[in-house]
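Source file: model.txt. Holds: compact mmCIF, C-alpha atoms.
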```txt
# COMPACT_ATOMS: atom_id res chain seq x y z
CA MET A 35 101.57 26.28 85.03
CA LYS A 36 104.14 26.97 87.76
CA ASN A 37 105.49 23.57 88.80
CA ILE A 38 105.07 20.65 86.40
CA LEU A 39 105.45 16.87 86.75
CA VAL A 40 105.97 14.88 83.54
CA ILE A 41 105.10 11.23 84.13
CA GLY A 42 106.79 9.10 81.47
CA SER A 43 109.52 11.67 80.93
CA THR A 44 111.90 9.18 79.30
CA GLY A 45 109.41 8.00 76.67
CA GLN A 46 108.96 9.02 73.05
CA ILE A 47 107.02 12.20 73.75
CA GLY A 48 108.03 12.75 77.36
CA SER A 49 111.77 13.01 76.73
CA GLU A 50 111.28 15.91 74.32
CA LEU A 51 108.33 17.50 76.13
CA THR A 52 110.27 17.69 79.40
CA ARG A 53 113.11 19.55 77.68
CA GLU A 54 110.72 21.95 75.97
CA LEU A 55 108.83 22.68 79.19
CA ARG A 56 112.11 23.39 80.98
CA LYS A 57 113.07 25.88 78.28
CA ARG A 58 109.77 27.69 78.76
CA TYR A 59 109.20 27.46 82.51
CA GLY A 60 112.70 27.03 83.93
CA ASN A 61 114.63 23.83 84.68
CA GLU A 62 113.81 23.78 88.38
CA HIS A 63 110.05 23.99 87.73
CA VAL A 64 109.75 20.79 85.65
CA VAL A 65 110.17 17.41 87.34
CA ALA A 66 111.08 14.44 85.15
CA GLY A 67 109.00 11.52 86.45
CA TYR A 68 110.28 8.04 85.62
CA ILE A 69 110.00 4.37 86.59
CA THR A 70 112.76 2.11 87.82
CA GLY A 71 114.74 0.84 84.86
CA ALA A 72 113.96 3.88 82.72
CA GLU A 73 115.92 6.57 84.53
CA PRO A 74 116.66 9.90 82.82
CA LYS A 75 120.09 10.19 81.22
CA GLY A 76 122.27 12.93 79.81
CA GLU A 77 120.68 16.35 79.44
CA LEU A 78 117.33 15.12 80.73
CA LYS A 79 118.94 14.03 83.99
CA GLU A 80 121.32 16.95 84.37
CA SER A 81 119.04 19.85 83.47
CA GLY A 82 116.47 19.56 86.26
CA PRO A 83 114.89 17.56 89.09
CA ALA A 84 113.83 13.94 88.61
CA GLU A 85 111.71 11.64 90.77
CA ILE A 86 110.28 8.13 90.58
CA ALA A 87 106.66 8.59 89.48
CA ASP A 88 104.98 5.26 88.72
CA VAL A 89 101.29 5.59 87.81
CA THR A 90 100.57 2.29 89.52
CA ASP A 91 101.66 3.90 92.82
CA GLY A 92 99.24 6.70 93.66
CA GLU A 93 100.83 7.43 97.03
CA GLY A 94 104.23 7.78 95.40
CA ILE A 95 102.88 10.29 92.88
CA ALA A 96 101.17 12.24 95.67
CA ALA A 97 104.49 12.43 97.55
CA VAL A 98 106.21 13.92 94.48
CA VAL A 99 103.36 16.41 94.02
CA ARG A 100 103.67 17.56 97.65
CA LYS A 101 107.46 17.70 97.60
CA HIS A 102 107.63 19.91 94.50
CA ASP A 103 104.35 21.81 94.96
CA ILE A 104 103.13 20.52 91.58
CA ASP A 105 100.13 22.23 89.97
CA THR A 106 100.22 20.55 86.52
CA ILE A 107 100.71 16.88 85.63
CA TYR A 108 101.50 15.60 82.14
CA ASN A 109 100.53 11.93 82.33
CA LEU A 110 102.23 10.22 79.38
CA ALA A 111 102.40 6.70 80.80
CA ALA A 112 101.06 4.17 78.25
CA LEU A 113 101.96 1.19 76.08
CA LEU A 114 101.92 1.83 72.34
CA SER A 115 99.40 0.06 70.12
CA VAL A 116 101.29 -3.03 68.96
CA VAL A 117 102.97 -3.58 72.34
CA ALA A 118 99.60 -3.21 74.10
CA GLU A 119 98.06 -5.98 71.99
CA ALA A 120 100.74 -8.34 73.27
CA LYS A 121 100.25 -7.21 76.89
CA PRO A 122 96.60 -6.17 77.25
CA ARG A 123 96.37 -6.47 81.04
CA LEU A 124 99.48 -4.37 81.53
CA ALA A 125 98.16 -1.82 79.02
CA TRP A 126 94.97 -1.46 81.08
CA ARG A 127 96.85 -1.32 84.38
CA ILE A 128 99.06 1.52 83.16
CA GLY A 129 96.58 3.35 80.98
CA ILE A 130 93.42 3.20 83.10
CA ASP A 131 94.25 2.10 86.65
CA GLY A 132 97.23 4.44 86.45
CA LEU A 133 95.11 7.30 85.16
CA TRP A 134 92.68 6.79 88.06
CA ASN A 135 95.58 7.20 90.48
CA VAL A 136 96.75 10.37 88.75
CA LEU A 137 93.25 11.87 88.72
CA GLU A 138 92.76 11.10 92.40
CA VAL A 139 96.04 12.85 93.22
CA ALA A 140 94.96 15.79 91.05
CA ARG A 141 91.59 15.99 92.81
CA GLU A 142 93.17 15.99 96.25
CA HIS A 143 95.98 18.42 95.39
CA HIS A 144 94.19 20.68 92.88
CA CYS A 145 96.36 19.86 89.87
CA SER A 146 95.57 20.22 86.18
CA VAL A 147 96.10 17.03 84.16
CA PHE A 148 97.03 16.37 80.53
CA THR A 149 96.63 12.73 79.43
CA PRO A 150 96.86 12.27 75.66
CA SER A 151 94.38 10.28 73.64
CA SER A 152 95.03 9.04 70.11
CA ILE A 153 93.64 8.34 66.66
CA GLY A 154 93.53 4.80 68.04
CA SER A 155 90.42 5.76 69.98
CA PHE A 156 88.39 5.45 66.78
CA GLY A 157 87.28 2.27 65.04
CA THR A 158 86.06 0.84 61.74
CA ASN A 159 82.59 2.38 62.20
CA THR A 160 84.00 5.88 62.61
CA PRO A 161 83.87 8.16 59.54
CA HIS A 162 87.39 7.89 58.12
CA TYR A 163 87.59 11.13 56.17
CA MET A 164 87.47 14.40 58.12
CA THR A 165 86.63 12.41 61.24
CA PRO A 166 84.43 14.67 63.39
CA GLN A 167 85.34 15.80 66.89
CA ASP A 168 82.23 14.11 68.28
CA THR A 169 81.54 10.78 66.60
CA ILE A 170 81.19 7.06 67.20
CA GLN A 171 84.21 5.47 68.91
CA ARG A 172 84.20 1.67 68.90
CA PRO A 173 87.85 0.55 68.73
CA ARG A 174 88.79 -3.13 68.64
CA THR A 175 92.24 -2.92 70.22
CA ILE A 176 93.05 -2.67 73.92
CA TYR A 177 95.06 0.45 73.07
CA GLY A 178 92.00 2.07 71.53
CA VAL A 179 89.67 0.91 74.29
CA SER A 180 92.00 2.39 76.90
CA LYS A 181 92.18 5.70 75.02
CA VAL A 182 88.40 6.04 74.81
CA THR A 183 88.24 5.26 78.52
CA THR A 184 90.94 7.88 79.12
CA GLU A 185 88.78 10.52 77.45
CA LEU A 186 85.63 9.51 79.34
CA LEU A 187 87.29 9.18 82.74
CA SER A 188 89.03 12.54 82.32
CA ASP A 189 85.70 14.14 81.39
CA TYR A 190 84.09 12.48 84.43
CA TYR A 191 86.61 14.01 86.81
CA GLN A 192 86.24 17.38 85.12
CA VAL A 193 82.45 17.36 85.48
CA LYS A 194 82.07 15.66 88.86
CA TYR A 195 85.10 16.97 90.75
CA ARG A 196 86.07 20.05 88.69
CA VAL A 197 89.53 18.65 88.04
CA ASP A 198 91.03 20.61 85.16
CA THR A 199 91.58 17.78 82.66
CA ARG A 200 92.63 18.41 79.06
CA SER A 201 93.82 16.23 76.20
CA VAL A 202 94.30 15.88 72.46
CA ARG A 203 94.00 12.90 70.13
CA PHE A 204 97.52 12.59 68.81
CA PRO A 205 98.15 11.28 65.29
CA GLY A 206 101.25 9.21 64.59
CA ILE A 207 104.23 11.22 65.84
CA ILE A 208 107.47 11.48 63.89
CA SER A 209 110.77 12.41 65.55
CA TYR A 210 114.47 12.16 64.77
CA LEU A 211 115.49 12.15 68.45
CA THR A 212 113.61 9.15 69.84
CA PRO A 213 113.56 5.83 67.95
CA PRO A 214 110.32 3.95 67.18
CA GLY A 215 108.79 2.16 70.14
CA GLY A 216 106.11 -0.25 68.93
CA GLY A 217 103.43 1.92 67.36
CA THR A 218 101.41 1.27 64.21
CA THR A 219 102.53 4.55 62.68
CA ASP A 220 106.22 3.96 63.46
CA TYR A 221 106.92 3.01 59.84
CA ALA A 222 106.86 6.74 59.13
CA VAL A 223 109.86 7.15 61.43
CA ASP A 224 111.68 3.98 60.33
CA ILE A 225 111.52 4.98 56.68
CA PHE A 226 113.72 8.02 57.31
CA TYR A 227 116.36 5.94 59.10
CA TYR A 228 116.54 3.52 56.18
CA ALA A 229 116.73 6.36 53.67
CA VAL A 230 119.61 8.06 55.46
CA ARG A 231 121.50 4.78 55.85
CA GLY A 232 120.96 3.99 52.15
CA GLU A 233 119.05 0.75 52.83
CA ARG A 234 115.93 -0.69 51.20
CA PHE A 235 112.92 -0.14 53.44
CA PRO A 236 110.52 -3.06 54.16
CA CYS A 237 107.24 -1.18 54.61
CA PRO A 238 104.80 -3.00 56.94
CA ILE A 239 101.80 -0.89 55.88
CA ALA A 240 100.06 -1.25 52.52
CA LYS A 241 100.03 1.35 49.79
CA GLY A 242 96.91 3.50 49.98
CA THR A 243 96.65 3.32 53.78
CA LEU A 244 96.25 6.97 54.73
CA MET A 245 96.84 7.97 58.35
CA ASP A 246 97.18 11.26 60.21
CA MET A 247 100.76 12.09 61.18
CA MET A 248 102.45 14.93 63.04
CA TYR A 249 106.03 16.12 63.45
CA MET A 250 107.23 16.16 67.05
CA PRO A 251 107.62 19.96 67.32
CA ASP A 252 103.92 20.30 66.54
CA ALA A 253 103.03 17.56 69.04
CA LEU A 254 104.90 19.48 71.74
CA LYS A 255 103.18 22.66 70.66
CA ALA A 256 99.76 21.02 70.98
CA ALA A 257 100.50 19.54 74.41
CA ILE A 258 101.73 22.85 75.80
CA SER A 259 99.34 25.28 74.13
CA ILE A 260 96.21 23.41 75.22
CA MET A 261 97.38 23.59 78.84
CA GLU A 262 98.12 27.30 78.47
CA ALA A 263 94.74 28.02 76.84
CA ASP A 264 91.89 29.90 78.51
CA PRO A 265 89.38 27.20 79.56
CA GLN A 266 86.54 29.71 79.39
CA LYS A 267 86.63 29.25 75.62
CA PHE A 268 86.37 25.46 75.81
CA VAL A 269 83.31 23.58 74.67
CA HIS A 270 85.27 20.35 74.95
CA HIS A 271 88.03 19.52 77.43
CA ASN A 272 89.33 16.11 76.40
CA GLY A 273 89.99 14.31 73.16
CA PHE A 274 90.51 17.28 70.85
CA ASN A 275 91.30 16.21 67.29
CA VAL A 276 94.62 17.77 66.21
CA ALA A 277 95.80 17.30 62.63
CA SER A 278 98.84 18.28 60.64
CA MET A 279 99.34 16.02 57.61
CA SER A 280 97.95 12.80 56.17
CA PHE A 281 99.79 10.40 53.86
CA ASP A 282 100.18 6.77 52.87
CA PRO A 283 103.52 4.95 52.49
CA ASP A 284 103.81 5.76 48.80
CA ILE A 285 103.33 9.50 49.38
CA ILE A 286 106.06 9.76 52.01
CA TYR A 287 108.32 7.48 49.94
CA ARG A 288 108.03 9.77 46.93
CA GLU A 289 108.66 12.84 49.10
CA ILE A 290 111.87 11.32 50.48
CA ARG A 291 112.95 10.33 46.94
CA LYS A 292 113.01 14.03 46.02
CA HIS A 293 116.07 14.26 48.28
CA LYS A 294 117.29 10.65 48.13
CA PRO A 295 116.64 9.58 44.49
CA ASP A 296 118.32 6.18 44.94
CA PHE A 297 116.20 5.24 47.96
CA GLU A 298 114.16 2.05 47.52
CA MET A 299 111.12 0.66 49.35
CA TYR A 300 109.21 -2.61 49.10
CA TYR A 301 106.10 -3.84 50.88
CA ASP A 302 106.30 -6.49 53.60
CA ILE A 303 102.88 -6.16 55.22
CA ASP A 304 102.52 -6.81 58.94
CA PRO A 305 98.96 -8.19 59.36
CA LEU A 306 98.52 -6.86 62.90
CA LYS A 307 99.77 -3.37 62.11
CA GLN A 308 97.71 -3.31 58.91
CA SER A 309 94.51 -4.33 60.69
CA ILE A 310 95.04 -1.61 63.28
CA ALA A 311 95.83 1.00 60.62
CA ASP A 312 92.70 0.09 58.65
CA SER A 313 90.55 0.96 61.68
CA TRP A 314 92.02 4.44 62.08
CA PRO A 315 91.01 7.69 60.34
CA ASN A 316 92.42 8.87 57.04
CA ARG A 317 92.18 12.47 58.20
CA MET A 318 90.73 14.12 61.32
CA ASP A 319 88.71 17.32 61.38
CA ASP A 320 90.48 19.52 63.94
CA SER A 321 88.26 22.59 63.56
CA CYS A 322 87.17 22.45 67.23
CA ALA A 323 90.76 22.69 68.46
CA ARG A 324 91.41 25.54 66.05
CA LYS A 325 88.32 27.41 67.23
CA GLU A 326 88.44 26.70 70.97
CA TRP A 327 92.16 27.21 71.69
CA GLY A 328 93.80 28.40 68.49
CA TRP A 329 95.48 25.19 67.33
CA LYS A 330 97.55 25.51 64.16
CA PRO A 331 100.45 23.23 63.08
CA ASP A 332 103.74 24.60 61.78
CA TYR A 333 104.90 21.62 59.68
CA ASP A 334 103.62 19.99 56.51
CA LEU A 335 105.09 16.88 54.87
CA GLU A 336 107.60 18.77 52.74
CA ARG A 337 109.01 20.86 55.59
CA MET A 338 109.11 17.88 57.96
CA THR A 339 110.93 15.68 55.42
CA ILE A 340 113.68 18.25 54.89
CA ASP A 341 114.17 18.66 58.65
CA MET A 342 114.09 14.93 59.40
CA LEU A 343 116.68 14.07 56.75
CA LYS A 344 118.98 16.91 57.79
CA ASN A 345 118.93 15.95 61.46
CA LEU A 346 119.19 12.20 60.91
CA GLU A 347 122.19 12.69 58.63
CA LYS A 348 123.90 14.54 61.48
CA LYS A 349 122.90 11.76 63.89
CA LEU A 350 123.63 8.65 61.82
CA LEU A 351 126.35 9.45 59.31
CA PRO A 352 130.03 9.67 60.27
CA LYS A 353 131.50 13.11 60.34
CA PRO A 354 134.00 13.87 57.55
```
The structure in this file should be written as structure tokens.
Amino acid sequence: MKNILVIGSTGQIGSELTRELRKRYGNEHVVAGYITGAEPKGELKESGPAEIADVTDGEGIAAVVRKHDIDTIYNLAALLSVVAEAKPRLAWRIGIDGLWNVLEVAREHHCSVFTPSSIGSFGTNTPHYMTPQDTIQRPRTIYGVSKVTTELLSDYYQVKYRVDTRSVRFPGIISYLTPPGGGTTDYAVDIFYYAVRGERFPCPIAKGTLMDMMYMPDALKAAISIMEADPQKFVHHNGFNVASMSFDPDIIYREIRKHKPDFEMYYDIDPLKQSIADSWPNRMDDSCARKEWGWKPDYDLERMTIDMLKNLEKKLLPKP
């Protein structure tokens, strides 16, 4: 990777990925792509170049690629699961029509493309424990349908046009920098905010609902290391399972209570979020990613909890 365009640079993952890529490759080599109304601010704006890069405008993306001699595109444009259910047509337009535009630009300008998939690409018929890399995928949400299509369309361009497409299936991602944005797994971010503020947490997901989760530093590591990997070792290209930790609300609640013994939680189940969560894996088997490009997470639940609480206390609590 020499010159990189991050589409969706102001989103949950994009805002942190853009900063990390600039640290590694140099500020001037990483372009923060954004849409009108979601312009970069602060460090993200000041540390490097930024351009409008709307996935619904293929010609606009091509112009940015030519202007900055882009060779790698991180396509992070998408609606999260709960938001997508409320706006299914928009979710498809961004996730699939937009991906088509990005892949066409990549084909014409010889770019590599990373477009993340998700645990949402699975469904109720998928094996829930140690979900295999290659298995049945029959999701019942527009978010999941778009993610399966993302994997297949990316594979199609890789096979038919030799476009270098790569992706991982992200678990729920937990971060102290970016607030929750409408995902099913966002309770695992919210719960830390409530704990630090000393408030009772209304958990929208039922006890016993296990889901894969990942701390943001590991998500960034996965997104960068797969693009840096030697493709000669790949058997797969898109939709790699990547795992880090798996827990239900009670497990993370008890882990936080080790540091915040007065913290309280009660259940206030959201039927939509619960139905989506029930269709997702309890734990993915990420042995293919480990074998084919050396994937290995750095954080477990204990280490993540300590780091989240420490950083949120700095962010939320008044300084003495």
Within 9 Å of Phe226 in chain A using only C-alpha atoms, minus same-chain residues under 5 positions, as a list of chain:residue names: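 Skipping anything fewer than 5 positions along the chain leaves A:Tyr210, A:Tyr221, A:Arg231, A:Ile290, A:Thr339, A:Met342, A:Leu343, A:Leu346.
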Could you produce a table of the residues of range 93-123 of chain A lying within 9 Å of range 145-168 of chain A, with the nearest pair of atoms per residue and their separation in Å rounded to one decimal, using all atoms listed in the file, ordered by chain and increasing residue number, as CSV?
```
residue,atom,partner,partner_atom,distance
A:Val99,CA,A:Cys145,CA,8.8
A:Ile104,CA,A:Cys145,CA,7.0
A:Asp105,CA,A:Cys145,CA,4.5
A:Thr106,CA,A:Ser146,CA,4.7
A:Ile107,CA,A:Val147,CA,4.8
A:Tyr108,CA,A:Phe148,CA,4.8
A:Asn109,CA,A:Thr149,CA,4.9
A:Leu110,CA,A:Thr149,CA,6.1
A:Ala111,CA,A:Thr149,CA,8.5
A:Ser115,CA,A:Gly154,CA,7.8
```
With the cut-off set at 7 Å and counting all atoms listed in the file, tabulate each residue of range 66-142 of chain A with an atom at most that distance from an atom of range 175-186 of chain A, showing the nearest atom pair and its distance in Å to one decimal, ordered by chain and increasing number, as JSON lines.
```
{"residue": "A:Ser115", "atom": "CA", "partner": "A:Tyr177", "partner_atom": "CA", "distance": 5.3}
{"residue": "A:Ala118", "atom": "CA", "partner": "A:Tyr177", "partner_atom": "CA", "distance": 5.9}
{"residue": "A:Glu119", "atom": "CA", "partner": "A:Ile176", "partner_atom": "CA", "distance": 6.3}
{"residue": "A:Pro122", "atom": "CA", "partner": "A:Ile176", "partner_atom": "CA", "distance": 6.0}
{"residue": "A:Trp126", "atom": "CA", "partner": "A:Ser180", "partner_atom": "CA", "distance": 6.4}
{"residue": "A:Gly129", "atom": "CA", "partner": "A:Ser180", "partner_atom": "CA", "distance": 6.2}
{"residue": "A:Ile130", "atom": "CA", "partner": "A:Ser180", "partner_atom": "CA", "distance": 6.4}
```
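Using all atoms listed in the file, the shortest contact distance between Met318 in chain A and any of A:Phe235, A:Phe268, A:Phe274, A:Tyr333 is found at A:Phe274.
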Take CA of Ser280 in chain A and CA of Leu335 in chain A and report the distance between them in Å, one decimal.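 Value for the CA of Ser280 in chain A-CA of Leu335 in chain A distance: 8.3 Å.
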Just want the 8 Å neighbourhood of Asp246 in chain A, counted on all atoms listed in the file, with same-chain residues fewer than 2 positions away dropped. Output as a VMD selection string. chain A and resid 153 205 to 206 244 248 277 to 281 315 to 318
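Between Asp332 in chain A and the candidates A:Gly242, A:Asp312, A:Arg174, A:Lys255, the tightest atom-to-atom separation, counting all atoms listed in the file, involves A:Lys255.
Shortest separation to Lys294 in chain A among A:Lys194, A:Arg234, A:Arg337, A:Lys348 occurs at residue A:Arg234, atoms counted being all atoms listed in the file.
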Quick one: residues within 10 Å of range 62-68 of chain A, only C-alpha atoms, excluding same-chain residues fewer than 4 positions away - as a PyMOL selection string? chain A and resi 35-45+48-49+51-58+72-74+78-79+81-89+95+98-99+102-104+106-111
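Take CA of Glu80 in chain A and CA of Ile47 in chain A: the distance between them is 18.4 Å.
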Find, counting all atoms listed in the file, the residue in A:Pro213, A:Pro283, A:Pro295, A:Gly328 that gets nearest to Asp264 in chain A. A:Gly328
Cut-off 9 Å around (108.5, 6.2, 48.9) with all atoms listed in the file: residues as an MDAnalysis selection string: chainID A and resid 225 235 283:291 297:300
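Of the residues under consideration (A:Lys121, A:Gln266, A:Leu114, A:Asn61), A:Leu114 shows the shortest atom-to-atom contact distance to Ile207 in chain A when counting only C-alpha atoms.
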Do you know which residues are at most 10 Å from Gln46 in chain A counting all atoms listed in the file, after dropping those on the same chain fewer than 6 positions away, and could you put them as an MDAnalysis selection string? chainID A and resid 110 207:209 211:215 250
Kindly save the residues from that selection, with C-alpha atoms included, as a tab-separated table (two decimals), keeping the file's coordinate frame.
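Done, and the output landed in part_31.tsv:
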```tsv
chain	number	residue	atom	x	y	z
A	110	LEU	CA	102.23	10.22	79.38
A	207	ILE	CA	104.23	11.22	65.84
A	208	ILE	CA	107.47	11.48	63.89
A	209	SER	CA	110.77	12.41	65.55
A	211	LEU	CA	115.49	12.15	68.45
A	212	THR	CA	113.61	9.15	69.84
A	213	PRO	CA	113.56	5.83	67.95
A	214	PRO	CA	110.32	3.95	67.18
A	215	GLY	CA	108.79	2.16	70.14
A	250	MET	CA	107.23	16.16	67.05
```
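For the atom pair formed by CA of Arg324 in chain A and CA of Val276 in chain A, the distance is 8.4 Å, given to one decimal.
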May I ask you to restore all heavy atoms in range 126-136 of chain A and write the result as a short mmCIF file (atom, residue, chain, number, x, y, z; two decimals), in the coordinates of the input?
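selection12.cif was written with the following content:
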```cif
data_model
loop_
_atom_site.label_atom_id
_atom_site.label_comp_id
_atom_site.auth_asym_id
_atom_site.auth_seq_id
_atom_site.Cartn_x
_atom_site.Cartn_y
_atom_site.Cartn_z
N TRP A 126 96.09 -1.99 80.29
CA TRP A 126 94.97 -1.46 81.08
C TRP A 126 95.46 -0.94 82.43
O TRP A 126 95.06 0.12 82.90
CB TRP A 126 93.92 -2.53 81.29
CG TRP A 126 92.70 -2.02 82.00
CD1 TRP A 126 92.47 -2.00 83.33
CD2 TRP A 126 91.56 -1.41 81.38
NE1 TRP A 126 91.24 -1.42 83.61
CE2 TRP A 126 90.67 -1.06 82.42
CE3 TRP A 126 91.20 -1.14 80.06
CZ2 TRP A 126 89.44 -0.44 82.18
CZ3 TRP A 126 89.98 -0.53 79.83
CH2 TRP A 126 89.12 -0.19 80.87
N ARG A 127 96.35 -1.70 83.05
CA ARG A 127 96.85 -1.32 84.38
C ARG A 127 97.55 0.04 84.33
O ARG A 127 97.37 0.88 85.21
CB ARG A 127 97.82 -2.39 84.89
CG ARG A 127 98.30 -2.14 86.31
CD ARG A 127 99.20 -3.27 86.79
NE ARG A 127 99.69 -3.01 88.13
CZ ARG A 127 100.92 -3.26 88.54
NH1 ARG A 127 101.79 -3.79 87.69
NH2 ARG A 127 101.30 -2.99 89.78
N ILE A 128 98.35 0.25 83.29
CA ILE A 128 99.06 1.52 83.16
C ILE A 128 98.13 2.63 82.67
O ILE A 128 98.09 3.72 83.24
CB ILE A 128 100.25 1.37 82.19
CG1 ILE A 128 101.30 0.42 82.80
CG2 ILE A 128 100.88 2.73 81.88
CD1 ILE A 128 102.42 0.07 81.85
N GLY A 129 97.37 2.31 81.63
CA GLY A 129 96.58 3.35 80.98
C GLY A 129 95.35 3.79 81.75
O GLY A 129 94.99 4.98 81.73
N ILE A 130 94.68 2.87 82.43
CA ILE A 130 93.42 3.20 83.10
C ILE A 130 93.54 3.19 84.62
O ILE A 130 93.22 4.18 85.28
CB ILE A 130 92.29 2.26 82.65
CG1 ILE A 130 92.16 2.32 81.13
CG2 ILE A 130 90.98 2.65 83.31
CD1 ILE A 130 91.99 3.70 80.54
N ASP A 131 94.04 2.10 85.19
CA ASP A 131 94.25 2.10 86.65
C ASP A 131 95.23 3.21 87.03
O ASP A 131 95.06 3.88 88.05
CB ASP A 131 94.78 0.74 87.11
CG ASP A 131 93.77 -0.38 86.90
OD1 ASP A 131 92.57 -0.08 86.72
OD2 ASP A 131 94.19 -1.56 86.89
N GLY A 132 96.26 3.38 86.20
CA GLY A 132 97.23 4.44 86.45
C GLY A 132 96.62 5.82 86.33
O GLY A 132 96.91 6.72 87.14
N LEU A 133 95.78 6.02 85.33
CA LEU A 133 95.11 7.30 85.16
C LEU A 133 94.23 7.61 86.37
O LEU A 133 94.17 8.75 86.84
CB LEU A 133 94.27 7.29 83.88
CG LEU A 133 93.36 8.52 83.66
CD1 LEU A 133 94.18 9.80 83.59
CD2 LEU A 133 92.51 8.34 82.41
N TRP A 134 93.52 6.59 86.87
CA TRP A 134 92.68 6.79 88.06
C TRP A 134 93.53 7.32 89.22
O TRP A 134 93.13 8.26 89.92
CB TRP A 134 92.01 5.48 88.45
CG TRP A 134 91.04 5.62 89.59
CD1 TRP A 134 91.33 5.68 90.91
CD2 TRP A 134 89.61 5.74 89.48
NE1 TRP A 134 90.18 5.83 91.64
CE2 TRP A 134 89.11 5.87 90.80
CE3 TRP A 134 88.73 5.73 88.41
CZ2 TRP A 134 87.75 6.00 91.07
CZ3 TRP A 134 87.37 5.86 88.67
CH2 TRP A 134 86.90 6.00 89.98
N ASN A 135 94.70 6.73 89.41
CA ASN A 135 95.58 7.20 90.48
C ASN A 135 95.98 8.66 90.28
O ASN A 135 95.97 9.46 91.22
CB ASN A 135 96.85 6.33 90.53
CG ASN A 135 96.59 4.93 91.04
OD1 ASN A 135 95.63 4.69 91.78
ND2 ASN A 135 97.43 3.99 90.65
N VAL A 136 96.33 9.00 89.05
CA VAL A 136 96.75 10.37 88.75
C VAL A 136 95.60 11.35 88.99
O VAL A 136 95.79 12.42 89.59
CB VAL A 136 97.26 10.48 87.30
CG1 VAL A 136 97.47 11.94 86.90
CG2 VAL A 136 98.55 9.70 87.12
#
```
